[in-house]
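For reference, coords.cif is printed below; it contains mmCIF, C-alpha atoms and all ligand atoms.
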data_run
#
loop_
_atom_site.label_atom_id
_atom_site.label_comp_id
_atom_site.auth_asym_id
_atom_site.auth_seq_id
_atom_site.Cartn_x
_atom_site.Cartn_y
_atom_site.Cartn_z
CA SER A 112 40.61 -66.72 13.47
CA ILE A 113 37.51 -67.03 15.58
CA PRO A 114 37.15 -64.63 18.52
CA LEU A 115 37.12 -66.42 21.87
CA GLY A 116 33.73 -65.00 22.75
CA TYR A 117 32.13 -67.30 20.20
CA PHE A 118 33.33 -70.34 22.10
CA GLY A 119 31.60 -68.89 25.15
CA GLY A 120 28.40 -68.59 23.11
CA ILE A 121 28.74 -72.11 21.75
CA GLY A 122 29.41 -73.40 25.27
CA LEU A 123 26.21 -71.70 26.43
CA ALA A 124 24.28 -73.22 23.52
CA SER A 125 25.65 -76.72 24.16
CA LYS A 126 24.63 -76.50 27.81
CA ASN A 127 21.15 -75.90 26.44
CA GLY A 128 21.20 -79.04 24.30
CA VAL A 129 22.26 -77.46 21.00
CA LEU A 130 25.24 -78.81 19.02
CA PHE A 131 27.22 -76.70 16.56
CA LYS A 132 29.20 -78.42 13.81
CA GLY A 133 31.43 -75.38 13.33
CA ALA A 134 32.23 -72.24 15.28
CA ASN A 135 31.12 -69.89 12.49
CA PHE A 136 27.46 -70.93 12.64
CA LEU A 137 26.80 -68.88 15.76
CA ASP A 138 27.88 -65.86 13.70
CA VAL A 139 25.64 -66.96 10.81
CA MET A 140 22.70 -67.16 13.24
CA THR A 141 23.15 -63.49 14.20
CA LYS A 142 22.62 -62.55 10.52
CA VAL A 143 19.54 -64.73 9.94
CA ASN A 144 16.45 -62.70 9.00
CA THR A 145 14.23 -65.56 7.80
CA VAL A 146 13.51 -68.84 9.59
CA VAL A 147 11.94 -71.48 7.36
CA MET A 148 10.45 -74.49 9.10
CA ASP A 149 9.10 -77.85 8.13
CA LYS A 150 5.73 -78.66 9.75
CA THR A 151 5.72 -82.33 10.73
CA GLY A 152 8.19 -83.14 13.49
CA THR A 153 9.46 -79.55 13.67
CA LEU A 154 6.43 -77.48 14.74
CA THR A 155 4.25 -80.52 15.43
CA LYS A 156 5.22 -83.54 17.51
CA GLY A 157 5.40 -85.82 14.47
CA VAL A 158 3.69 -88.50 16.52
CA PHE A 159 0.45 -89.31 14.73
CA GLU A 160 -2.61 -90.94 16.28
CA VAL A 161 -5.08 -92.88 14.14
CA GLN A 162 -8.53 -91.24 14.53
CA THR A 163 -10.72 -93.15 12.06
CA VAL A 164 -10.47 -96.10 9.72
CA LYS A 165 -12.92 -96.32 6.83
CA THR A 166 -13.06 -99.31 4.49
CA ASN A 167 -15.04 -100.01 1.36
CA GLN A 168 -15.19 -103.79 0.69
CA LEU A 169 -12.78 -105.34 3.18
CA ASP A 170 -13.30 -105.91 6.88
CA GLU A 171 -11.19 -103.56 9.00
CA ARG A 172 -8.73 -106.24 10.13
CA THR A 173 -7.94 -107.39 6.61
CA PHE A 174 -7.72 -103.79 5.41
CA LEU A 175 -5.23 -102.98 8.19
CA GLN A 176 -3.18 -106.06 7.30
CA TYR A 177 -2.70 -104.74 3.78
CA VAL A 178 -1.85 -101.27 5.09
CA ALA A 179 0.54 -102.50 7.79
CA ALA A 180 2.32 -104.82 5.36
CA VAL A 181 3.28 -101.74 3.34
CA GLU A 182 3.74 -99.11 6.07
CA SER A 183 5.94 -101.41 8.19
CA LYS A 184 8.62 -101.10 5.45
CA SER A 185 9.03 -97.34 6.01
CA THR A 186 10.42 -95.22 8.86
CA HIS A 187 8.26 -92.18 8.03
CA PRO A 188 6.45 -90.88 11.17
CA ILE A 189 3.11 -91.63 9.47
CA SER A 190 4.22 -95.22 8.84
CA THR A 191 5.33 -95.72 12.44
CA ALA A 192 1.96 -94.53 13.76
CA ILE A 193 -0.13 -96.61 11.36
CA THR A 194 1.97 -99.76 11.88
CA ARG A 195 1.68 -99.42 15.67
CA TYR A 196 -2.10 -98.96 15.45
CA ALA A 197 -2.63 -101.79 12.96
CA GLU A 198 -0.59 -104.26 15.01
CA HIS A 199 -2.67 -103.39 18.06
CA ILE A 200 -5.94 -104.08 16.21
CA ILE A 201 -4.66 -107.16 14.37
CA ASN A 202 -3.35 -108.70 17.62
CA SER A 203 -6.35 -107.78 19.77
CA PRO A 204 -8.81 -110.60 20.63
CA LYS A 205 -10.89 -111.75 17.69
CA PRO A 206 -14.56 -110.72 17.64
CA LYS A 207 -17.16 -113.23 18.96
CA VAL A 208 -18.41 -114.03 15.49
CA GLU A 209 -15.34 -115.68 13.98
CA ILE A 210 -14.28 -114.19 10.67
CA PRO A 211 -12.80 -116.93 8.45
CA LYS A 212 -9.02 -116.61 8.57
CA PRO A 213 -7.66 -115.67 5.16
CA ASP A 214 -5.38 -118.41 3.80
CA TYR A 215 -2.70 -115.97 2.67
CA SER A 216 -0.08 -114.08 4.60
CA PHE A 217 0.40 -110.36 4.39
CA SER A 218 3.86 -109.31 3.44
CA ALA A 219 4.86 -106.57 1.07
CA THR A 220 7.36 -106.91 -1.75
CA ASP A 221 8.59 -104.42 -4.38
CA VAL A 222 8.14 -101.59 -1.87
CA THR A 223 8.84 -98.15 -3.34
CA GLU A 224 8.73 -95.00 -1.20
CA ILE A 225 7.54 -92.02 -3.22
CA PRO A 226 8.80 -88.91 -1.37
CA GLY A 227 6.03 -86.52 -0.34
CA LEU A 228 3.31 -88.87 -1.61
CA GLY A 229 3.46 -92.29 0.04
CA LEU A 230 4.28 -95.90 -0.78
CA LYS A 231 3.65 -98.43 -3.52
CA ALA A 232 4.06 -102.20 -3.05
CA THR A 233 2.82 -105.66 -3.90
CA VAL A 234 0.86 -107.57 -1.24
CA ASN A 235 -0.70 -111.00 -1.90
CA GLY A 236 -0.09 -110.46 -5.58
CA LYS A 237 -2.10 -107.23 -5.52
CA SER A 238 -0.75 -103.77 -6.25
CA VAL A 239 -1.23 -101.58 -3.16
CA LEU A 240 -0.88 -97.79 -2.86
CA VAL A 241 -0.79 -96.13 0.56
CA GLY A 242 -0.42 -92.37 0.66
CA ASN A 243 -2.14 -89.03 0.14
CA THR A 244 -4.92 -88.25 -2.34
CA ARG A 245 -2.36 -86.79 -4.77
CA LEU A 246 -0.76 -90.24 -5.02
CA LEU A 247 -4.12 -91.70 -6.07
CA GLU A 248 -4.80 -88.76 -8.40
CA ARG A 249 -1.52 -89.40 -10.19
CA GLN A 250 -2.67 -92.94 -10.95
CA GLY A 251 -6.10 -91.75 -12.09
CA ILE A 252 -7.82 -93.51 -9.18
CA GLN A 253 -11.18 -92.08 -8.08
CA PHE A 254 -12.00 -91.29 -4.44
CA ASP A 255 -14.41 -89.10 -2.48
CA THR A 256 -13.07 -85.58 -3.11
CA GLY A 257 -14.44 -84.55 0.32
CA LEU A 258 -11.32 -86.21 1.78
CA VAL A 259 -9.20 -83.31 0.55
CA ASP A 260 -11.06 -80.77 2.74
CA ILE A 261 -10.70 -82.64 6.05
CA ALA A 262 -8.38 -80.52 8.25
CA GLU A 263 -6.45 -83.61 9.32
CA THR A 264 -3.96 -85.78 7.48
CA VAL A 265 -5.68 -88.50 5.43
CA VAL A 266 -3.91 -91.65 4.27
CA THR A 267 -5.74 -93.23 1.35
CA VAL A 268 -5.41 -96.85 0.21
CA ALA A 269 -5.95 -98.31 -3.25
CA ILE A 270 -5.80 -102.01 -4.10
CA ASP A 271 -5.39 -103.05 -7.73
CA GLY A 272 -6.17 -99.53 -8.91
CA VAL A 273 -9.36 -99.08 -6.87
CA TYR A 274 -9.84 -96.90 -3.76
CA GLU A 275 -10.43 -99.27 -0.82
CA GLY A 276 -10.46 -97.00 2.22
CA HIS A 277 -8.59 -94.43 4.26
CA LEU A 278 -7.27 -93.56 7.71
CA VAL A 279 -7.61 -90.14 9.28
CA ILE A 280 -4.56 -89.43 11.43
CA ALA A 281 -3.81 -86.48 13.67
CA ASP A 282 -0.65 -84.87 14.96
CA ALA A 283 -0.40 -82.27 17.75
CA LEU A 284 1.46 -78.98 17.99
CA LYS A 285 4.61 -79.05 20.11
CA PRO A 286 3.89 -77.23 23.39
CA ASP A 287 6.51 -74.53 22.68
CA ALA A 288 5.77 -74.06 18.94
CA LYS A 289 3.68 -70.91 19.34
CA ALA A 290 6.14 -69.32 21.78
CA ALA A 291 8.96 -70.05 19.33
CA VAL A 292 7.15 -68.41 16.41
CA GLN A 293 6.15 -65.38 18.49
CA ALA A 294 9.69 -64.86 19.84
CA LEU A 295 11.10 -64.96 16.30
CA GLN A 296 8.49 -62.53 14.96
CA LYS A 297 9.10 -60.20 17.92
CA ALA A 298 12.81 -60.20 17.07
CA GLY A 299 11.87 -59.03 13.55
CA ILE A 300 12.51 -62.38 11.90
CA GLU A 301 10.23 -63.64 9.13
CA VAL A 302 8.80 -67.10 9.81
CA VAL A 303 7.87 -69.35 6.87
CA MET A 304 6.39 -72.87 7.07
CA LEU A 305 6.83 -75.39 4.24
CA SER A 306 5.05 -78.74 4.16
CA GLY A 307 4.33 -81.78 2.08
CA ASP A 308 1.00 -82.11 3.85
CA LYS A 309 -2.24 -80.83 2.32
CA ALA A 310 -3.53 -77.24 2.38
CA SER A 311 -6.35 -77.67 4.93
CA VAL A 312 -3.96 -79.11 7.54
CA VAL A 313 -1.13 -76.67 6.85
CA LYS A 314 -3.45 -73.65 7.01
CA SER A 315 -4.90 -74.84 10.32
CA VAL A 316 -1.41 -75.20 11.86
CA ALA A 317 -0.30 -71.82 10.45
CA ASP A 318 -3.41 -70.08 11.85
CA GLN A 319 -2.90 -71.60 15.29
CA LEU A 320 0.74 -70.49 15.36
CA GLY A 321 0.29 -67.06 13.77
CA ILE A 322 2.43 -67.93 10.73
CA LYS A 323 1.46 -65.77 7.75
CA GLN A 324 3.74 -67.28 5.11
CA TYR A 325 3.27 -70.97 4.38
CA ALA A 326 3.07 -73.40 1.48
CA PRO A 327 1.40 -76.85 1.41
CA ASP A 328 1.52 -79.84 -0.99
CA LEU A 329 5.26 -79.51 -1.55
CA LEU A 330 7.36 -82.34 -2.88
CA PRO A 331 10.98 -82.32 -1.61
CA GLU A 332 12.20 -80.59 -4.81
CA HIS A 333 9.57 -77.85 -4.34
CA LYS A 334 10.97 -77.10 -0.87
CA VAL A 335 14.38 -76.63 -2.52
CA GLU A 336 12.79 -74.26 -5.08
CA HIS A 337 11.18 -72.17 -2.33
CA LEU A 338 14.47 -71.81 -0.49
CA THR A 339 16.32 -70.95 -3.70
CA ASN A 340 13.79 -68.18 -4.37
CA LEU A 341 14.11 -66.76 -0.85
CA LYS A 342 17.90 -66.79 -1.16
CA ALA A 343 17.67 -65.06 -4.54
CA ALA A 344 15.54 -62.39 -2.81
CA GLY A 345 18.52 -61.73 -0.55
CA LYS A 346 17.29 -63.43 2.64
CA THR A 347 19.69 -65.00 5.12
CA ILE A 348 17.99 -68.24 6.00
CA ALA A 349 17.92 -70.76 8.79
CA PHE A 350 15.99 -73.88 7.78
CA VAL A 351 14.74 -76.22 10.48
CA GLY A 352 13.62 -79.75 9.63
CA ASP A 353 13.69 -83.35 10.74
CA GLY A 354 12.87 -85.61 7.82
CA ILE A 355 14.97 -87.56 5.36
CA ASN A 356 13.44 -85.32 2.65
CA ASP A 357 14.66 -82.22 4.46
CA ALA A 358 18.38 -82.95 3.95
CA PRO A 359 18.61 -81.03 0.62
CA VAL A 360 17.03 -77.87 2.09
CA ILE A 361 19.09 -78.16 5.27
CA ALA A 362 22.19 -78.23 3.04
CA LEU A 363 21.02 -75.23 0.99
CA ALA A 364 20.18 -72.92 3.94
CA ASP A 365 22.74 -70.47 5.36
CA ALA A 366 22.24 -72.28 8.66
CA GLY A 367 20.79 -75.81 8.41
CA ILE A 368 19.18 -76.97 11.64
CA ALA A 369 17.98 -80.50 12.43
CA MET A 370 15.85 -81.86 15.21
CA GLY A 371 18.14 -84.39 16.92
CA GLY A 372 15.63 -86.61 18.72
CA LEU A 373 13.06 -87.49 16.08
CA GLY A 374 15.28 -86.42 13.20
CA SER A 375 16.41 -88.77 10.45
CA ASP A 376 20.12 -89.63 10.21
CA ALA A 377 20.32 -87.81 6.86
CA ALA A 378 18.92 -84.59 8.34
CA ILE A 379 21.24 -84.75 11.38
CA GLU A 380 24.32 -85.51 9.28
CA THR A 381 23.66 -82.64 6.87
CA ALA A 382 22.81 -80.06 9.55
CA ASP A 383 25.15 -77.31 10.80
CA ILE A 384 23.29 -77.14 14.10
CA VAL A 385 21.41 -79.91 15.93
CA ILE A 386 18.68 -79.28 18.51
CA GLN A 387 18.93 -82.39 20.67
CA ASN A 388 15.60 -82.21 22.49
CA ASP A 389 13.57 -81.20 19.41
CA GLN A 390 12.27 -77.92 20.92
CA PRO A 391 11.65 -75.20 18.30
CA SER A 392 11.90 -72.57 21.07
CA LYS A 393 15.69 -73.12 21.04
CA ILE A 394 15.86 -71.24 17.73
CA PRO A 395 15.07 -67.70 18.98
CA GLY A 396 17.40 -68.52 21.86
CA LEU A 397 20.25 -69.30 19.44
CA ILE A 398 19.81 -66.03 17.59
CA ARG A 399 19.81 -64.21 20.94
CA ILE A 400 22.94 -65.98 22.22
CA GLY A 401 24.62 -65.15 18.92
CA ARG A 402 23.68 -61.48 19.15
CA ILE A 403 24.79 -61.20 22.79
CA THR A 404 28.07 -63.01 22.07
CA ARG A 405 28.71 -60.73 19.11
CA ASN A 406 28.35 -57.71 21.37
CA ILE A 407 30.81 -59.24 23.82
CA VAL A 408 33.28 -59.90 21.00
CA TRP A 409 32.97 -56.39 19.74
P1 LIG B 501 6.26 -83.02 5.66
O1 LIG B 501 6.65 -81.97 4.70
O2 LIG B 501 5.03 -82.65 6.43
O3 LIG B 501 7.38 -83.45 6.56
P2 LIG B 501 6.49 -85.37 3.85
O4 LIG B 501 7.14 -84.69 2.69
O5 LIG B 501 7.29 -86.36 4.60
O6 LIG B 501 5.79 -84.32 4.85
O7 LIG B 501 5.16 -86.09 3.34
C1 LIG B 501 4.13 -85.35 2.70
C2 LIG B 501 2.85 -86.13 2.64
O8 LIG B 501 3.04 -87.33 1.86
C3 LIG B 501 2.33 -86.60 3.97
O9 LIG B 501 1.53 -85.63 4.61
C4 LIG B 501 1.53 -87.83 3.56
O10 LIG B 501 0.24 -87.44 3.12
C5 LIG B 501 2.30 -88.40 2.40
N1 LIG B 501 3.25 -89.45 2.81
C6 LIG B 501 4.60 -89.37 2.78
N2 LIG B 501 5.16 -90.51 3.20
C7 LIG B 501 4.14 -91.33 3.56
C8 LIG B 501 4.07 -92.67 4.10
N3 LIG B 501 5.16 -93.37 4.38
N4 LIG B 501 2.84 -93.19 4.30
C9 LIG B 501 1.73 -92.48 4.03
N5 LIG B 501 1.72 -91.23 3.54
C10 LIG B 501 2.90 -90.66 3.30
MG MG B 502 9.02 -83.75 7.67
#

Can you dump the structure from the file as structure tokens?
Amino acid sequence: SIPLGYFGGIGLASKNGVLFKGANFLDVMTKVNTVVMDKTGTLTKGVFEVQTVKTNQLDERTFLQYVAAVESKSTHPISTAITRYAEHIINSPKPKVEIPKPDYSFSATDVTEIPGLGLKATVNGKSVLVGNTRLLERQGIQFDTGLVDIAETVVTVAIDGVYEGHLVIADALKPDAKAAVQALQKAGIEVVMLSGDKASVVKSVADQLGIKQYAPDLLPEHKVEHLTNLKAAGKTIAFVGDGINDAPVIALADAGIAMGGLGSDAAIETADIVIQNDQPSKIPGLIRIGRITRNIVW
């Protein structure tokens, strides 16, 4: 049976916008010694802004039509940002010097989402890849290797097996991300960040937040491996994520936590605990409520 005090703790948590899917998870939170977090949408806002567009052969409008045709088929936060930006440019008034209107329409077919890498599709009979440099590498497509070092997320585009351009996109830290990390570290909890994004971006975020343990370039199955290793090392783990790819790690953690606002349905359904307003600073609070409640119970 569950001591009544836990319901008090859960009531307190729910007043703060945190949902528990079972009464025992407050108890699990008191035992957590390692908090593993996803980067995008968990520590950062997950709302990307397009900074630069660079094309090779195509004019920018045509390039963005190819990109938007593909990205509009996905719900990934990167896709949402790029589609919004492309639609704005495509629908903005045409330049004074009229560019001949292409006599084809841009719509993507055979769209395949490749988790942690990007998308592949057919547009106007051409094979289009939109994703990170590792996606292009896998297909043996050449690109400027300088793109890998940029400390911002880069979305590269290849058409019929040839690099055609890229977009530099930027995300921002959540305002309470640093406070959340510091509060956890102060409570003696190890903080680990896992990400599918590239090393230069992940290192920059980790440095800004004071996170010493982090791993970039992870495919969803690599995140599972990391968590399995931490568990094997005897850690009691809370994992916090938001993406569709995070569902397996949320399921594997001792306490699986999802961001409820931006979070994917899969992440929210799998989670034991849901943070409704997406604030990472709720996590140290949960551990504290758990510890206080435990003292009351005892
Ligand atoms: P994270 O671990 O940061 O949540 P994901 O596993 O969702 O990231 O994606 C990892 C990387 O794969 C992204 O940083 C991006 O470079 C690329 N990527 C994934 N999905 C897409 C997409 N729909 N469009 C473009 N790039 C994508
Ligand atoms: Mg994510």

*asked:* What does the structure give for the distance between atom CA of A:Ile200 and atom CA of A:Arg172, in Å to one decimal?
replied: 7.0 Å

*Could the residues that lie within 8 Å of ligand LIG 501 (chain B), counting all atoms listed in the file, be listed as a ChimeraX atom specification?*
/A:149-152,182,185-190,224-230,241-244,264-267,305-309,328-331,352-357

_As an exercise, work out the distance from atom CA of A:Lys289 to atom CA of A:Ile379 in Å and give it to one decimal place._
23.7 Å

List as a short mmCIF file (atom, residue, chain, number, x, y, z; two decimals) with C-alpha atoms, in the frame of the given file the protein and nucleic acid residues near A:Ala364, meaning an atom at most 7 Å away when all atoms listed in the file are counted, but skip any in the same chain fewer than 3 places from it.
data_model
loop_
_atom_site.label_atom_id
_atom_site.label_comp_id
_atom_site.auth_asym_id
_atom_site.auth_seq_id
_atom_site.Cartn_x
_atom_site.Cartn_y
_atom_site.Cartn_z
CA ILE A 348 17.99 -68.24 6.00
CA ALA A 349 17.92 -70.76 8.79
CA PHE A 350 15.99 -73.88 7.78
CA VAL A 360 17.03 -77.87 2.09
CA ILE A 361 19.09 -78.16 5.27
CA GLY A 367 20.79 -75.81 8.41
#

*Grab the atom CA of A:Lys297 to atom CA of A:Thr339 distance for me, in Å with one decimal place.*
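Interatomic distance, atom CA of A:Lys297 to atom CA of A:Thr339: 25.2 Å.
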
*Hey, which of A:Leu137, A:Gln176, A:Tyr325, A:Val273 ends up closest to A:Ala124? Count only C-alpha atoms.*
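Under the stated criterion, the closest residue is A:Leu137.
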